Amino acid sequence: MVELARKLSLPQRRLPGSPVLLLLIAACIFLTIGSLRSTIFAQLTVAGVATGVVFGSLALALVLIYRATEVINFAQGEMAMAMVYVAYQLMLWGLAYWEAFFLTLAIAFVFGVVTQQIFIRPVQGRSVIAVVIVTVGLFILIDGLVEWKWSANQRFMQAPFGNKIYHLGSVPIARQDLGTIVITLVSVTALWAFFRFTKLGLGMRAGALRPAAARLVGVRTNALLAVGWGLAAVLGAVAGLMTEPAEYVLQPTLMQPVLLYAFAAAVLGGLESPGGALVGGIALGIFLNLMGQYVHFVGSVLQLPVAFAALLLVLLVKPTGLFGHRTVRKV
Amino acid sequence: MRRNAPALVAVTIAALFFALLPFGLSDYHRGLAASVAVYLIAILGLNVLTGYTGQISIGHSAFMAIGGYTTAIMSHYHNTNLILTLPLAFAITFGCGVLVGLPALRLSGVYLALATFALAVSIPQLPLKFSTFTGGSAGISASKTVSNSWLYGVSWSTAAIAFLFTWLVLRGRTGRAFRAIRDSEVAATSSGVTLAIYKTLAFGVSGSLFVLVTNGFAQPNEFSVTLSLKILVGAAVAGLGSLWGVLLGAAFIALLPTLSASAPLIGSAHGQDVVFGLFVIVVMILLPTGVAGLVPRLRRLRVKA
C-alpha cells in the first residue's frame with residue numbers, strides 16, 4: 001500500500017498557513033473566555049457546534065464529490081432529504097429509530113452509487129457545466145418525486161434523543177445537541193479511517209488526485225467514482241437525519257437552507273479540504289448562533305446575507321478558502 | 001453582406017412572425033408569450049457570459065430582483081411611466097453589477113459560481129428586512145396594471161433590441177475576445193470587467209420586465225435561487241454558445257410547466273417538477289450541445305450521406 005502511494009507520488013499532508021492557524025487559535029480562545037464568563041454564551045456555543053457539525057458533514061459530502069469530479073453537486077441536499085423520507089417510511093412500517101437509521105444509511109449508499117451510474121456517468125468528463133446542469137435537474141426531479149410520493153405536507157418523525165437536558169456546571173446542554181455532535185463526528189471519523197487505512201480508500205484518493213496515473217497502476221477509477229457518490233450520499237443522509245430533530249418537522253424543503261450553509265462551509269474551508277469543510281461548518285454554526293443572539297439588527301432575516309457576506313470577505317482575502325492552496329495555472 | 005443573406009431572411013421572417021403572432025392568440029396566451037420574451041432576455045444575458053466565456057453564474061436572479069424592485073418602487077411611489085422605469089432599472093442594475101463584478105474578478109470557476117450563488121440567496125432577504133419601504137414578504141405592486149397586449153409588445157420589442165445588440169457585439173471584436181476567454185482561463189480572469197457589464201445589462205432589463213409579467217408585482221419569493229437555476233437550465237437546454245437556441249430555451253422554461261400541467265397523468269404540481277427535472281437530465285445526456293446543437297449535427301449527417 002505504501003508502495004502504491006509512493007508510486008502515485010501523492011502529496012504530503014499540508015498544514016494550513018500560520019495566519020489561518022493563528023486565527024483559529026484566537027477564535028478558540030475567544031470562545032473559551034466567553035463561555036467561562038457567561039452561561040448563555042456557553043450554551044449558544046455548544047448549540048452552534050451541533051448545527052455546525054451538520055453543516056460540516058453535508059459540506060464534507062460536497063467536498064468528496066468535488067475532489068473526485070471537480071463539480072458541485074447541487075442535488076446533495078435533496079438527496080439527503082429524500083433519505084430522511086425513506087427513514088420516515090421505514091419507521092411507519094414499524095422499524096425502531098436506530099434500525100431505520102442504519103438501514104437508511106445502507107439505502108443511501110446504493111442510491112448514491114445508482115445515481116452516479118445512471119445520471120452522472122454519461123456526462124462525466126464532458127464539461128463542468130453539463131454535470132452541474134444534470135445535478136440541478138436531479139434537484140428538481142428528486143423534489144418532484146418526494147412531493148409526489150409523500151406530499152408537501154409537514155410530517156412528524158420519532159425523535160432520536162428525546163428532550164433530556166444535561167448540566168455541565170451551570171451550563172445546560174441538550175441531549176439532542178450532544179447526540180448530533182457524537183453521531184456526526186463518529187461518521188466523519190469512520191470516513192476518514194476508510195480513506196486513510198483501506199486500500200479502497202487509497203485508490204479513491206489516488207483516483208481523485210492523479211486519475212491517469214491511478215488508472216495506469218490498475219485502480220478502477222470509474223467504479224470508485226460511484227463509491228464516492230455512495231459515501232457522499234451516506235454522509236448527506238446522516239446530516240439530513242440529524243437536521244430533522246432540530247427542525248422538529250419533516251418537509252421537502254428540509255435541507256435547502258442546510259445546503260446553502262454547507263456550500264458556504266465548504267468554500268470557507270477551501271473546497272478541496274475535508275478537514276476544512278468540517279472546521280468551516282462548525283465555525284459557521286457558532287458564528288450564526290452568537291450573531292443571532294448578540295447582534296439585534298441581524299435577527300433571523302439577515303442571517304443568510306451576513307453569513308454570505310462574511311464568506312465573500314474571506315474569499316476576497318484568500319480566494320482559495322482557509323485551507324485551500326493555490327494551484328498555478330498556465331495557458 | 002451576401003454571406004449574411006440567409007440570416008437576414010430568417011430574422012425578417014422571425015420578426016414578422018412575432019409581430020403578427022399576438023393577433024392569433026387569446027389574451028391569456030399573449031401573457032404567456034410575453035413571459036417567453038422575458039426569459040429570453042435573461043437567458044441571452046447568461047448565454048453571453050457562460051456560453052461565450054465559460055464562466056458559471058448563479059447570480060442572475062439577484063440582478064433580476066434589483067431591476068424588478070426598481071420598476072415596482074418607482075411606479076409605486078413616484079407613479080413613473082413603466083417604460084421610463086426600464087432604463088433606470090437598467091442603470092441601477094448595471095451599477096450594482098459593476099460593484100459586484102469588480103471584486104468577483106479575483107474569483108473564477110466554482111468559486112465565482114458560489115459567490116454569485118451567495119448573491120442570489122442574499123438579495124431576496126433585503127426586502128424582508130427593510131419591509132416598510134419594500135412591502136416585505138407581501139411584495140410591492142406598481143401603481144397601475146398593464147394589459148397582456150401591452151406586455152407582449154414591450155417585452156418582445158425589448159427582446160428584439162437585446163437580441164440585435166448581443167448579435168452585433170458577438171460578431172465583432174468583442175465576440176472574438178469572449179471566445180478567446182472561454183478557451184483560456186487565465187485570459188478570462190484578466191478581462192472580466194467587460195463581462196460583468198454585458199451580463200448585468202441583460203439582467204437589469206429582464207428583471208424589470210419580469211416584474212411587469214408578474215402583474216406589476218415584485219415579491220421576494222419570485223426572485224429566489226430557483227429562478228437562477230431555471231435560467232441556467234434554460235440556457236443549457238438551448239445550447240450554450242448559440243444565439244438561436246436561446247429562443248428554444250426560453251420557450252422551454254416558460255411553457256413546459258404550463259403544458260405539462262394540462263397533461264393527464266402528471267398534471268399535478270409535483271408531476272411538473274418530475275417532468276422538468278427528467279427532461280433536463282435527458283437533454284443534457286443525449287444532446288451535449290443542447291437542442292440548438294442538433295441543427296449543425298443534422299447538417300453534417302446530410303453531408304455525409
# chains A, B, ... in the order shown; residues from 1 in each chain; ligands from 1
>>> interface_residues(of="chain B", to="chain A", cutoff="6 Å", atoms="only C-alpha atoms", output="compact mmCIF listing (two decimals) with C-alpha atoms, in the first residue's frame")
# COMPACT_ATOMS: atom_id res chain seq x y z
CA ALA B 118 -24.39 33.78 -2.33
CA SER B 122 -28.84 37.19 -0.02
CA HIS B 270 -45.20 17.75 -8.41
CA ASP B 273 -41.24 19.05 -11.39
CA VAL B 274 -40.69 15.41 -12.26
CA GLY B 277 -36.17 17.52 -13.98
CA VAL B 280 -33.34 18.50 -18.32
CA ILE B 281 -31.26 15.43 -17.48
CA ILE B 285 -27.19 13.33 -21.60
>>> residues_around(residues="segment 72-86 of chain B", least_positions_apart="5", cutoff="6 Å", atoms="only C-alpha atoms", output="list in words")
Ser141, Ala142 and Ser143 of chain B
>>> closest_residue(among="A:Gln117, A:Thr69, A:Gln251, A:Thr51", to="Arg210 of chain A", atoms="only C-alpha atoms")
A:Thr69
>>> closest_residue(among="B:Ala160, B:Ala65, B:Ala37, B:Ile231", to="Phe90 of chain B", atoms="only C-alpha atoms")
B:Ala65
>>> atom_distance(atom1="atom CA of Gly77 of chain A", atom2="atom CA of Ala277 of chain A")
15.4 Å
>>> closest_residue(among="A:Thr253, A:Thr32, A:Thr198, A:Gln158", to="Thr45 of chain A", atoms="only C-alpha atoms")
A:Thr32
>>> closest_residue(among="A:Ser35, A:Val20, A:Gln43, A:Ala233", to="Tyr166 of chain A", atoms="only C-alpha atoms")
A:Gln43
>>> residues_around(residues="Thr189 of chain A", least_positions_apart="5", cutoff="12 Å", atoms="only C-alpha atoms", output="MDAnalysis selection string")
chainID A and resid 57 60 181:184 194:197 235 274:275 278
>>> closest_residue(among="A:Ile40, A:Ala96, A:Ile29, A:Leu62", to="Pro172 of chain A", atoms="only C-alpha atoms")
A:Ile40
>>> closest_residue(among="A:Val84, A:Leu259, A:Ile286, A:Leu36", to="Gly169 of chain A", atoms="only C-alpha atoms")
A:Leu36
>>> select_by_dssp(residues="segment 3-164 of chain B", states="alpha helix (DSSP H)", output="JSON, numbers by chain")
{"B": [5, 6, 7, 8, 9, 10, 11, 12, 13, 14, 15, 16, 17, 18, 19, 20, 27, 28, 29, 30, 31, 32, 33, 34, 35, 36, 37, 38, 39, 40, 41, 42, 43, 44, 45, 46, 52, 53, 60, 61, 62, 63, 64, 65, 66, 67, 68, 69, 70, 71, 72, 73, 74, 75, 76, 77, 78, 82, 83, 84, 85, 86, 87, 88, 89, 90, 91, 92, 93, 94, 95, 96, 97, 98, 99, 100, 101, 102, 103, 104, 109, 110, 111, 112, 113, 114, 115, 116, 117, 118, 119, 120, 121, 122, 126, 127, 128, 129, 131, 132, 133, 134, 148, 149, 150, 151, 152, 153, 154, 155, 156, 157, 158, 159, 160, 161, 162, 163, 164]}
>>> write_last_selection(atoms="C-alpha atoms", output="CSV table (one decimal), in the first residue's frame")
chain,number,residue,atom,x,y,z
B,5,ALA,CA,-28.4,36.9,-46.6
B,6,PRO,CA,-29.9,33.7,-45.2
B,7,ALA,CA,-29.6,35.1,-41.7
B,8,LEU,CA,-31.3,38.3,-42.7
B,9,VAL,CA,-34.1,36.4,-44.3
B,10,ALA,CA,-34.5,34.3,-41.1
B,11,VAL,CA,-34.5,37.4,-38.9
B,12,THR,CA,-37.1,39.1,-41.1
B,13,ILE,CA,-39.4,36.1,-41.0
B,14,ALA,CA,-38.9,35.8,-37.3
B,15,ALA,CA,-39.7,39.5,-36.7
B,16,LEU,CA,-42.8,39.3,-38.9
B,17,PHE,CA,-43.9,36.1,-37.1
B,18,PHE,CA,-43.6,37.6,-33.6
B,19,ALA,CA,-45.2,40.9,-34.8
B,20,LEU,CA,-48.3,39.1,-36.2
B,27,ASP,CA,-55.3,37.2,-24.1
B,28,TYR,CA,-54.0,34.5,-21.7
B,29,HIS,CA,-51.6,33.2,-24.3
B,30,ARG,CA,-50.4,36.7,-25.1
B,31,GLY,CA,-49.4,36.9,-21.4
B,32,LEU,CA,-47.6,33.6,-21.7
B,33,ALA,CA,-45.8,34.6,-24.8
B,34,ALA,CA,-44.7,37.8,-23.1
B,35,SER,CA,-43.1,35.7,-20.3
B,36,VAL,CA,-41.2,33.7,-23.0
B,37,ALA,CA,-39.7,37.0,-24.1
B,38,VAL,CA,-38.7,37.9,-20.6
B,39,TYR,CA,-36.9,34.6,-20.1
B,40,LEU,CA,-35.3,35.1,-23.5
B,41,ILE,CA,-33.7,38.3,-22.4
B,42,ALA,CA,-32.4,36.7,-19.2
B,43,ILE,CA,-31.1,33.6,-20.9
B,44,LEU,CA,-29.5,35.9,-23.5
B,45,GLY,CA,-27.5,37.6,-20.8
B,46,LEU,CA,-26.4,34.3,-19.2
B,52,TYR,CA,-19.2,32.5,-24.8
B,53,THR,CA,-16.9,32.9,-21.8
B,60,HIS,CA,-28.8,36.4,-12.2
B,61,SER,CA,-32.0,36.2,-10.1
B,62,ALA,CA,-30.3,38.8,-7.8
B,63,PHE,CA,-29.8,41.2,-10.7
B,64,MET,CA,-33.4,40.5,-11.8
B,65,ALA,CA,-34.6,41.3,-8.3
B,66,ILE,CA,-32.8,44.6,-8.4
B,67,GLY,CA,-34.2,45.5,-11.7
B,68,GLY,CA,-37.6,44.3,-10.7
B,69,TYR,CA,-37.8,46.2,-7.5
B,70,THR,CA,-36.6,49.4,-9.2
B,71,THR,CA,-39.5,49.3,-11.6
B,72,ALA,CA,-42.1,48.4,-8.9
B,73,ILE,CA,-40.8,51.1,-6.4
B,74,MET,CA,-40.5,53.8,-9.0
B,75,SER,CA,-44.1,53.1,-10.1
B,76,HIS,CA,-45.4,52.7,-6.7
B,77,TYR,CA,-44.0,55.8,-5.0
B,78,HIS,CA,-43.5,58.2,-7.9
B,82,LEU,CA,-43.5,51.9,-16.6
B,83,ILE,CA,-41.5,52.2,-19.8
B,84,LEU,CA,-39.4,55.0,-18.4
B,85,THR,CA,-38.5,52.8,-15.4
B,86,LEU,CA,-36.8,50.4,-17.7
B,87,PRO,CA,-33.7,52.5,-18.5
B,88,LEU,CA,-33.5,53.4,-14.8
B,89,ALA,CA,-33.7,49.8,-13.8
B,90,PHE,CA,-31.1,49.2,-16.4
B,91,ALA,CA,-28.8,51.8,-15.0
B,92,ILE,CA,-29.1,50.7,-11.3
B,93,THR,CA,-28.6,47.1,-12.1
B,94,PHE,CA,-25.6,48.0,-14.2
B,95,GLY,CA,-24.1,49.9,-11.3
B,96,CYS,CA,-24.7,47.0,-8.9
B,97,GLY,CA,-23.3,44.6,-11.4
B,98,VAL,CA,-20.1,46.5,-11.7
B,99,LEU,CA,-19.8,46.8,-8.0
B,100,VAL,CA,-20.2,43.1,-7.6
B,101,GLY,CA,-18.3,42.3,-10.7
B,102,LEU,CA,-15.1,44.1,-9.7
B,103,PRO,CA,-14.3,42.0,-6.6
B,104,ALA,CA,-15.6,38.9,-8.3
B,109,GLY,CA,-14.7,28.8,-11.9
B,110,VAL,CA,-16.5,27.2,-9.0
B,111,TYR,CA,-15.7,30.0,-6.6
B,112,LEU,CA,-17.3,32.5,-8.9
B,113,ALA,CA,-20.3,30.3,-9.1
B,114,LEU,CA,-20.6,30.1,-5.4
B,115,ALA,CA,-20.1,33.8,-4.9
B,116,THR,CA,-22.9,34.6,-7.3
B,117,PHE,CA,-24.9,31.9,-5.6
B,118,ALA,CA,-24.4,33.8,-2.3
B,119,LEU,CA,-25.7,36.9,-4.0
B,120,ALA,CA,-28.8,35.2,-5.3
B,121,VAL,CA,-29.6,33.9,-1.8
B,122,SER,CA,-28.8,37.2,0.0
B,126,LEU,CA,-33.1,42.5,1.9
B,127,PRO,CA,-36.7,43.5,1.0
B,128,LEU,CA,-37.8,41.4,4.0
B,129,LYS,CA,-35.5,43.4,6.3
B,131,SER,CA,-40.2,45.9,4.7
B,132,THR,CA,-41.6,49.4,5.4
B,133,PHE,CA,-40.2,50.5,2.1
B,134,THR,CA,-40.4,47.4,0.0
B,148,ASN,CA,-51.3,41.5,-21.8
B,149,SER,CA,-51.1,43.0,-25.2
B,150,TRP,CA,-49.1,45.9,-23.9
B,151,LEU,CA,-46.8,43.5,-22.2
B,152,TYR,CA,-46.4,41.4,-25.3
B,153,GLY,CA,-45.4,44.5,-27.3
B,154,VAL,CA,-42.9,45.9,-24.8
B,155,SER,CA,-41.3,42.6,-23.9
B,156,TRP,CA,-40.8,41.4,-27.4
B,157,SER,CA,-39.5,44.7,-28.7
B,158,THR,CA,-37.0,44.8,-25.8
B,159,ALA,CA,-36.1,41.2,-26.6
B,160,ALA,CA,-35.5,42.1,-30.2
B,161,ILE,CA,-33.3,45.0,-29.2
B,162,ALA,CA,-31.4,42.9,-26.8
B,163,PHE,CA,-31.0,40.2,-29.4
B,164,LEU,CA,-29.8,42.5,-32.0
